[in-house]
Every structure is written in structure tokens, then in C-alpha cells.
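Visitor: Please read through the structure below; I'll follow up with questions.
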Amino acid sequence: MSGNIENHLKHGNNAIAWLVVTAGLLLLPLALGQGYYLSAMNFIALYSMVAIGVCLLTGYGGQLALSHGAFFAIGAYCSSILSLRAGLPPWISVIASQGFAALVAWGIGAVVLRLKGHYLAIASLAFAMIVEKLSMALADLTGGSPGLTGIPRLSLGGFAIDSDLRFYYVAWPAVMLLQFFALNLVSSRIGRALRCVKEGEEIARLFGVDVRAFKVKLFILSSVYGSLAGSLYAHYVTFVSPSVASIMFAIEILLVLALGGYTMLWGAIVGVAGINLLNEYLSVFVQYKRMIYGLALIVIVLVFPNGLFKGVADRIDSLVGILRTKGKSHAEPDARQ
Amino acid sequence: MLSLTRVSKHFSGLAALSEVSFTMREGSIKGLIGPNGAGKTTLFNTITGVYRPTSGSIALSGRDITGLNEEVIACLGVSRTFQQAKVFYSLTALENVLVGRHYRSRSGFMACGFGLHSSRREEREMREKAMHYLAFMGLAKRWDRVAHELPIGEQRWLEVARALATEPRLLLLDEPTAGLNERETEDFKKIVFGIRDSGVTILVIEHHMKFIMEVCDEIAVLNFGVKIAEGRPDEIQHSPEVIAAYLGAEEDDD
């Protein structure tokens with residue numbers, strides 16, 4: 001019996017998928033060489049970090065917060081300011097920024113996570129708006145609306161991360177580490193508790209889950225995923241302006257999850273890549289981009305409430321199931337993972 | 001083991017419970033009966049910390065637990081099932097029972113996220129324990145089924161397995177035999193005795209008179225939030241107050 005369970009342990013499947021994807025990503029530049037796609041991949045890496053964080057908080061934990069753009073901005077500005085104004089080496093300012101972002105997330109989370117559903121969404125959006133305003137208002141620190149330029153690039157042990165290729169080998173390993181952490185988390189007791197909090201806080205409490213503390217920890221974790229992406233972004237593009245604090249950011253990440261599936265960590269990365277691709281093709285229609293996004297979001301939410309890729313995957317699954325059992329009535333396929 | 005002293009619970013002036021007192025011996029089975037709306041489930045919610053009593057006090061093994069949060073009371077060894085099975089519908093049967101192991105396990109965000117050896121070992125142990133409780137409730141073969149796919153009866157068993165997985169000292173069962181047929185009720189009786197014999201004290205709400213009379217060592221009767229009688233099953237059956245207030249006031253469910 002226990003052998004049977006081991007076979008079904010999601011750990012096993014996850015580990016193999018993770019190894020294959022990681023190996024593939026590390027080999028990609030060797031296969032394709034240098035080129036424009038590298039910088040596209042680097043941005044996909046950065047936004048994937050944010051998306052994985054949101055997937056944990058919103059997809060698994062059921063907490064719809066719209067503050068991820070704000071934490072991306074906090075990470076970006078904090079690391080830039082520490083490097084430019086305090087003269088810290090970039091990698092130290094990146095680490096210090098995560099500490100700062102975690103503190104902010106703790107303070108904000110402890111307050112806004114008392115709210116649920118739409119109220120949480122609105123409160124966290126208000127926080128994001130405050131951050132957006134602050135990025136302009138604190139001009140002495142943030143450079144005001146022109147922003148900060150000349151942010152030093154990362155360098156690790158004297159090795160300067162000064163090309164798209166080098167940054168690729170910083171960003172993607174970081175993404176895969178964060179993904180590794182997230183995959184482990186969701187298949188552990190913590191992940192189960194997350195799903196319980198999403199499904200019914202009251203019952204989760206009766207099984208000893210300290211829901212309030214739990215949600216705050218999750219929020220901090222998820223926000224640091226965003227702020228780390230922001231910090232790396234700043235040292236990659238060497239320039240930050242209030243546009244990184246745009247509240248549209250959170251909406252776009254939600255679209256990513258709608259594409260990838262709310263409870264699919266791999267879907268988060270696929271979703272980011274999908275949006276990126278879409279951006280390329282839609283660049284001709286720049287002025288309609290948001291309208292197209294909005295429409296796409298509505299259609300996806302209506303037709304595939306569990307996310308586009310997941311919805312399609314489930315349909316294929318149930319089709320295969322129908323073909324297999326031929327004629328036998330068949331229940332909905334398992335909607336998990 | 002459990003003692004309630006003059007516990008009252010008012011909802012905006014309406015007394016759902018008025019000065020209810022009783023005690024339970026370690027390892028005993030107590031029945032809680034009374035007409036619908038008598039306050040039985042309210043009493044469960046008050047013991048488990050979902051409601052804070054308006055007045056009175058509740059003690060578990062001599063420790064005052066009045067007004068503690070439900071997660072704290074859960075960790076002190078109180079577990080329950082619900083009138084309508086409240087399993088986690090999107091989780092598998094095994095995962096539901098694993099939730100019962102939650103506070104019996106330690107690994108935090110970091111240990112779980114990094115997949116540390118300690119957290120993996122703990123997870124394996126949890127799974128073994130959880131499988132044991134699934135098997136105890138006859139659900140071993142259903143372990144990988146998502147809970148919403150299970151028939152209602154099995155969701156009920158799953159709830160009991162989840163509650164047992166917490167290794168409770170006090171187990172509260174809210175109408176566990178509702179919807180069960182004669183045979184299943186007989187089977188469940190054996191399960192209840194099995195749970196009691198493993199050292200768990202049980203408080204059970206039930207409308208099924210035959211079941212309650214055969215299973216319980218003692219019975220308390222509630223009517224309009226007031227305890228109107230308490231005693232051995234044979235005493236309760238012959239108590240004139242109970243017959244008048246409860247049995248006489250309403251047709252027997254069975």
C-alpha cells in the first residue's frame with residue numbers, strides 16, 4: 001500500500017518535471033545562441049517570479065491581493081537606492097531589499113489580510129496606489145517621475161552580469177529555485193493548509209491551522225517573490241521609473257494566472273511566456289492592447305474558470321477518459337494539479 | 001475530563017443556551033439529545049471555541065478553555081464532525097485526513113519549501129498515520145478520490161477519519177448516523193466503541209434513539225437551551241420531564 005502511495009506522491013512527478021525543465025532552460029542558449037530572444041526570456045524569467053508568487057497566494061491560498069506590482073516596485077527602488085545612494089554592492093542591496101520588502105509585507109499583510117474577497121482586493125489595490133504615488137512624491141530618493149538611471153549591474157564575485165546571456169544564467173536559475181520552493185510547498189502540509197484556508201477558513205481553524213498568522217506568512221513569501229523580481233529587474237535594465245509601480249501590473253499578472261491556471265505553478269511560467277508572445281504580436285495594436293487584454297480576461301474567466309491551459313488540459317483529459325471507458329459514464333476529472 | 005459550568009450563550013438577546021452544566025468522565029460516551037433548536041449544535045460550537053460563551057466556563061482536564069480560539073482548543077485535543085459533513089471537497093480523501101494531522105506536525109514554510117529531509121520524513125509518517133485512519137473507517141481504497149466525488153455516507157466516514165487523525169482526547173460527533181441505514185448504524189456503533197476503547201472521550205448528538213440508548217453511558221437532554229435531565233439511558237427513558245418535553249412534544253424521528 002505505501003509503495004502505491006509513493007507512486008502517487010506529487011513530489012516524484014514534480015521533481016522529474018523540474019529537472020527536465022531546468023535542464024532544458026539551461027541548455028536553451030547553447031542551442032539557440034545569442035539573440036533577441038535572450039532578453040525576451042530574461043523578462044519572462046522576472047515576471048515568472050512574480051507570477052509564481054501570486055499563484056501561491058491567490059491560486060492556492062485564495063487571497064486575491066493586487067499588491068504585487070507594488071512589491072515589484074519596492075524591490076526595484078529599494079535595491080537601486082541602496083546601490084546608488086548608499087553605494088552598496090548590488091548583490092547586497094538585492095538581499096537587503098528583500099528584507100525590507102518582507103517587513104513592509106508583514107506590516108501591510110497583518111492589516112489587509114483581515115479582509116476577505118473583494119475587500120482584500122480593494123485594500124491591497126489602495127496600497128499599490130500609495131506606492132505608485134510615493135514613487136513620484138519621494139523625489140529625493142526615487143528621482144521623481146524621470147526615475148533613477150545608471151543603476152549598477154549585478155556582479156557576483158567579480159564576475160559582472162553585464163550581458164543578456166549572463167543575466168539569463170542568473171535569472172532562470174533563480175526562477176527555478178523559487179519554483180522548486182513553491183512546488184515543494186504546495187505538496188506539503190503547508191500547501192494542504194493553504195488549500196484548506198481557501199476552501200473554508202472556519203473548518204481549517206478547527207484543525208489547528210492558525211489562519212491569520214498563516215495568511216500573513218504566505219503574503220510575505222508571495223510579496224518577496226515579487227520584490228526579488230523587481231530588484232533583479234533594476235540591476236538588469238539599470239533604470240527604474242514610476243512606471244514599474246503601475247497598478248496595471250497586478251492586473252496583467254492576474255491575466256497570466258487566468259491563462260496558466262490558478263493552481264498550476266508551471267502554468268504561471270507558461271502564462272507569462274504566453275502574454276509576452278501576445279505582446280509581441282499585439283505591438284502593432286498598441287493602443288488597443290489593454291482593451292484586448294480586458295476582453296481576453298473576461299472570456300477566459302467565463303469559459304475556463306480554472307484557467308485557459310488548465311481548462312484545455314482538463315477537456316483533453318476528460319476526452320481521453322471518455323475514449324477509454326467508451327460509453328461508460330464518467331465523472332469530472334480530478335481538478336487538482 | 002470535560003466540565004461545563006453554567007454555560008450560557010445568547011444571540012442578540014435570544015438564549016440559545018441557559019446555564020448548562022455537566023461533566024464527562026475520561027473514556028465515557030455521553031449522548032446529547034433534544035428537539036430541533038434545543039441548542040445542541042450551539043453547545044458543540046461553544047465547546048470548540050467557534051462561539052464564546054456569554055457566561056459560564058468550560059474546562060478540559062482541569063484547564064479553563066473558556067473563550068480560547070478554535071485553533072487553540074483544537075490543539076488541546078478537541079475534534080469534531082458536523083451535522084452536514086464538512087470535508088474539504090477539493091482535496092482527496094487522504095489529503096483530508098492529512099489535514100487532521102496538521103497540528104500534530106511541525107515542518108514550517110522553510111522546511112517544506114526547501115524539501116528538507118526532516119519535512120519529507122514527517123510527511124511520510126503523516127501519510128502512514130492518515131492511511132491507518134482511512135483504513136479504520138473502511139476508506140483505504142478510496143484514498144486518492146477527491147472528496148466531492150465520494151457519496152455522502154463516505155464523506156461522513158471521511159470526516160470521522162479526519163477527526164480521529166488529530167488523535168483527540170475529546171471527540172464531538174454531530175448526528176453521525178443521520179442518513180445511515182440499519183446495517184451501517186450497527187457498524188458505526190462498533191466503530192464508536194472502538195474509538196472509546198482507544199481512550200477517546202465521546203460526546204454525541206443524535207436523534208436516533210435506539211443508537212443513543214445502546215451506545216451512551218450517560219445522556220443529557222436539552223430543551224430550549226436548558227438542560228432538563230441527565231442520567232443513564234434507562235433513567236432518561238423513564239424520566240417524566242423528558243417524555244413530556246421531548247418525546248411527547250415531537251414525533252420520534254425513527
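Identifiers in this document derive from the order of the C-alpha cells: chains are assigned A, B, ..., residues are numbered from 1 separately in each chain, and ligands are numbered from 1 in order of occurrence.
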For stretch 147-152 of chain A, work out the shell of residues within 9 Å, counting only C-alpha atoms and skipping chain neighbours fewer than 4 positions away, then give it as a list of chain:residue names.

Guide: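 My list of contacting residues is A:Tyr77, A:Ser80, A:Ile81, A:Ser83, A:Leu84, A:Pro89, A:Pro90, A:Ser135, A:Met136, A:Ala139, A:Leu141, A:Thr142, A:Gly143, A:Ala234, A:His235, A:Tyr236, A:Val237, A:Thr238, A:Phe239, A:Val240, A:Ser241, A:Pro242, A:Ser243.
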
Visitor: Can I get the selected residues back with C-alpha atoms, as a PDB file, in the first residue's frame?

Guide:
```pdb
ATOM      1  CA  TYR A  77      13.548  51.091  -5.975  1.00  0.00           C
ATOM      2  CA  SER A  80      18.523  50.871  -6.755  1.00  0.00           C
ATOM      3  CA  ILE A  81      18.588  53.384  -3.927  1.00  0.00           C
ATOM      4  CA  SER A  83      23.254  50.787  -4.662  1.00  0.00           C
ATOM      5  CA  LEU A  84      23.198  54.381  -5.900  1.00  0.00           C
ATOM      6  CA  PRO A  89      27.407  46.302  -3.917  1.00  0.00           C
ATOM      7  CA  PRO A  90      24.335  45.330  -5.969  1.00  0.00           C
ATOM      8  CA  SER A 135       7.489  56.629  -6.220  1.00  0.00           C
ATOM      9  CA  MET A 136       6.798  60.128  -7.610  1.00  0.00           C
ATOM     10  CA  ALA A 139      11.716  62.534  -5.457  1.00  0.00           C
ATOM     11  CA  LEU A 141      15.076  59.175  -3.027  1.00  0.00           C
ATOM     12  CA  THR A 142      13.352  57.916  -6.142  1.00  0.00           C
ATOM     13  CA  GLY A 143      14.276  60.585  -8.640  1.00  0.00           C
ATOM     14  CA  ALA A 234      16.502  47.176 -11.647  1.00  0.00           C
ATOM     15  CA  HIS A 235      20.045  45.845 -11.951  1.00  0.00           C
ATOM     16  CA  TYR A 236      19.262  44.332 -15.339  1.00  0.00           C
ATOM     17  CA  VAL A 237      17.722  47.292 -17.144  1.00  0.00           C
ATOM     18  CA  THR A 238      19.757  49.759 -14.967  1.00  0.00           C
ATOM     19  CA  PHE A 239      16.849  52.168 -14.927  1.00  0.00           C
ATOM     20  CA  VAL A 240      13.680  52.472 -12.851  1.00  0.00           C
ATOM     21  CA  SER A 241      10.821  54.933 -13.116  1.00  0.00           C
ATOM     22  CA  PRO A 242       7.348  55.169 -11.566  1.00  0.00           C
ATOM     23  CA  SER A 243       6.024  53.090 -14.465  1.00  0.00           C
TER      24      SER A 243
END
```

Visitor: Could you work out which residues of chain B fall inside 7 Å of chain A? Count only C-alpha atoms, and format the result as a PyMOL selection string.

Guide: chain B and resi 70-72+74-75+88+99-100+102-103+109+112-115+146

Visitor: Atom CA of B:Leu139 to atom CA of B:Ala161: how many Å, to one decimal?

Guide: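 These two atoms are separated by 8.8 Å.
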
Visitor: Between stretch 58-172 of chain B and stretch 21-28 of chain B, at 9 Å or less, what are the per-residue closest atom pairs and their distances in Å? Count only C-alpha atoms, order by chain and rising residue number, and return it as a Markdown table.

Guide:
```
| residue | atom | partner | partner_atom | distance |
| --- | --- | --- | --- | --- |
| B:Ser61 | CA | B:Glu26 | CA | 8.7 |
| B:Arg169 | CA | B:Glu26 | CA | 8.6 |
| B:Leu170 | CA | B:Glu26 | CA | 8.8 |
```

Visitor: What's the 9 Å shell around stretch 274-289 of chain A, counting only C-alpha atoms, without same-chain residues fewer than 2 positions away, as JSON, numbers by chain?

Guide: {"A": [40, 43, 44, 252, 255, 256, 259, 260, 269, 270, 271, 272, 291, 292, 293, 294]}

Visitor: I'd like the neighbourhood of B:Val50 as JSON, numbers by chain, where a residue qualifies if any of its atoms comes within 8 Å (using only C-alpha atoms), though same-chain residues fewer than 3 positions away should be ignored.

Guide: {"B": [45, 46, 47, 69, 70]}

Visitor: Please report the interatomic distance between atom CA of B:Leu91 and atom CA of A:Leu302 in Å with one decimal.

Guide: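 Distance reported for this atom pair: 23.9 Å.
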
Visitor: Taking only stretch 156-225 of chain B into account, list the residues labelled strand (DSSP E) by DSSP (computed from the backbone), as a ChimeraX atom specification.

Guide: /B:170-174,201-205,218-223

Visitor: In Å, with one decimal, what is the gap from atom CA of A:Leu257 to atom CA of A:Val301?

Guide: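 Answer for the atom CA of A:Leu257 to atom CA of A:Val301 separation: 10.4 Å.
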
Visitor: Just the alpha helix (DSSP H) stuff from stretch 72-216 of chain A, please, per backbone DSSP, written as a count of residues only.

Guide: 107

Visitor: Need the shell around stretch 159-173 of chain A: protein/DNA/RNA residues with any atom at most 7 Å away, counting only C-alpha atoms. Skip same-chain ones fewer than 2 positions apart. Format as a PDB file with N, CA and C atoms, in the first residue's frame?

Guide:
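Now in result.pdb:
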```pdb
ATOM      1  N   LEU A  38      16.925  36.208 -26.122  1.00  0.00           N
ATOM      2  CA  LEU A  38      17.509  36.149 -24.779  1.00  0.00           C
ATOM      3  C   LEU A  38      16.931  37.226 -23.859  1.00  0.00           C
ATOM      4  N   SER A  39      16.827  38.446 -24.367  1.00  0.00           N
ATOM      5  CA  SER A  39      16.299  39.489 -23.499  1.00  0.00           C
ATOM      6  C   SER A  39      14.818  39.238 -23.229  1.00  0.00           C
ATOM      7  N   ASN A  42      14.693  36.792 -20.546  1.00  0.00           N
ATOM      8  CA  ASN A  42      15.043  37.379 -19.249  1.00  0.00           C
ATOM      9  C   ASN A  42      13.842  38.070 -18.604  1.00  0.00           C
ATOM     10  N   ALA A  45      11.555  35.509 -17.318  1.00  0.00           N
ATOM     11  CA  ALA A  45      12.040  34.994 -16.025  1.00  0.00           C
ATOM     12  C   ALA A  45      11.590  35.905 -14.890  1.00  0.00           C
ATOM     13  N   LEU A  46      11.782  37.215 -15.070  1.00  0.00           N
ATOM     14  CA  LEU A  46      11.451  38.150 -13.990  1.00  0.00           C
ATOM     15  C   LEU A  46       9.954  38.115 -13.670  1.00  0.00           C
ATOM     16  N   ARG A 153      25.077  47.281 -12.540  1.00  0.00           N
ATOM     17  CA  ARG A 153      24.681  45.907 -12.814  1.00  0.00           C
ATOM     18  C   ARG A 153      25.174  45.003 -11.714  1.00  0.00           C
ATOM     19  N   LEU A 154      24.524  43.865 -11.632  1.00  0.00           N
ATOM     20  CA  LEU A 154      24.952  42.874 -10.649  1.00  0.00           C
ATOM     21  C   LEU A 154      26.358  42.410 -10.978  1.00  0.00           C
ATOM     22  N   SER A 155      27.103  42.086  -9.928  1.00  0.00           N
ATOM     23  CA  SER A 155      28.303  41.313 -10.205  1.00  0.00           C
ATOM     24  C   SER A 155      28.492  40.344  -9.050  1.00  0.00           C
ATOM     25  N   LEU A 156      28.819  39.127  -9.405  1.00  0.00           N
ATOM     26  CA  LEU A 156      28.916  38.080  -8.393  1.00  0.00           C
ATOM     27  C   LEU A 156      30.356  37.609  -8.327  1.00  0.00           C
ATOM     28  N   GLY A 157      31.004  37.912  -7.226  1.00  0.00           N
ATOM     29  CA  GLY A 157      32.392  37.503  -7.036  1.00  0.00           C
ATOM     30  C   GLY A 157      33.295  38.021  -8.145  1.00  0.00           C
ATOM     31  N   VAL A 175      14.631  31.639 -10.917  1.00  0.00           N
ATOM     32  CA  VAL A 175      13.229  31.241 -11.139  1.00  0.00           C
ATOM     33  C   VAL A 175      13.040  29.775 -10.760  1.00  0.00           C
ATOM     34  N   MET A 176      13.980  28.939 -11.209  1.00  0.00           N
ATOM     35  CA  MET A 176      13.802  27.512 -10.961  1.00  0.00           C
ATOM     36  C   MET A 176      13.937  27.186  -9.476  1.00  0.00           C
ATOM     37  N   LEU A 177      14.768  27.948  -8.776  1.00  0.00           N
ATOM     38  CA  LEU A 177      14.854  27.762  -7.318  1.00  0.00           C
ATOM     39  C   LEU A 177      13.540  28.144  -6.649  1.00  0.00           C
TER      40      LEU A 177
END
```

Visitor: Find the residues near B:Glu122: any atom within 8 Å, counting only C-alpha atoms, skip ones fewer than 4 places away on the same chain, and give them as a ChimeraX atom specification.

Guide: /B:105,107,118,126

Visitor: Save the residues we just selected, C-alpha atoms, as a PDB file, in the first residue's frame?

Guide:
```pdb
ATOM      1  CA  SER B 105       3.219  18.027  12.631  1.00  0.00           C
ATOM      2  CA  SER B 107       7.531  21.493   9.427  1.00  0.00           C
ATOM      3  CA  SER B 118      13.019  16.279   8.175  1.00  0.00           C
ATOM      4  CA  MET B 126       1.840  11.567   8.413  1.00  0.00           C
TER       5      MET B 126
END
```

Visitor: For B:Val221, list every protein, DNA or RNA residue within 10 Å, evaluated using only C-alpha atoms, and leave out those in the same chain fewer than 5 positions away; present the list as a PyMOL selection string.

Guide: chain B and resi 31-35+38+40+226-231+236+241-242+245-246

Visitor: I need the residue nearest B:Lys189 from this list: B:Val215, B:Val78, B:Val97, B:Val7. Use only C-alpha atoms for the distance.

Guide: B:Val215

Visitor: In terms of the shortest atom-to-atom distance over only C-alpha atoms, which of B:Thr166, B:Thr92, B:Ser3, B:Gly153 is closest to B:Lys141?

Guide: B:Thr92

Visitor: Identify which of the residues A:Trp91, A:Trp106, A:Phe100, A:Trp266 lies closest to A:Val216, counting only C-alpha atoms when measuring atom-to-atom distances.

Guide: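 Closest to A:Val216 of all the choices is A:Trp106.
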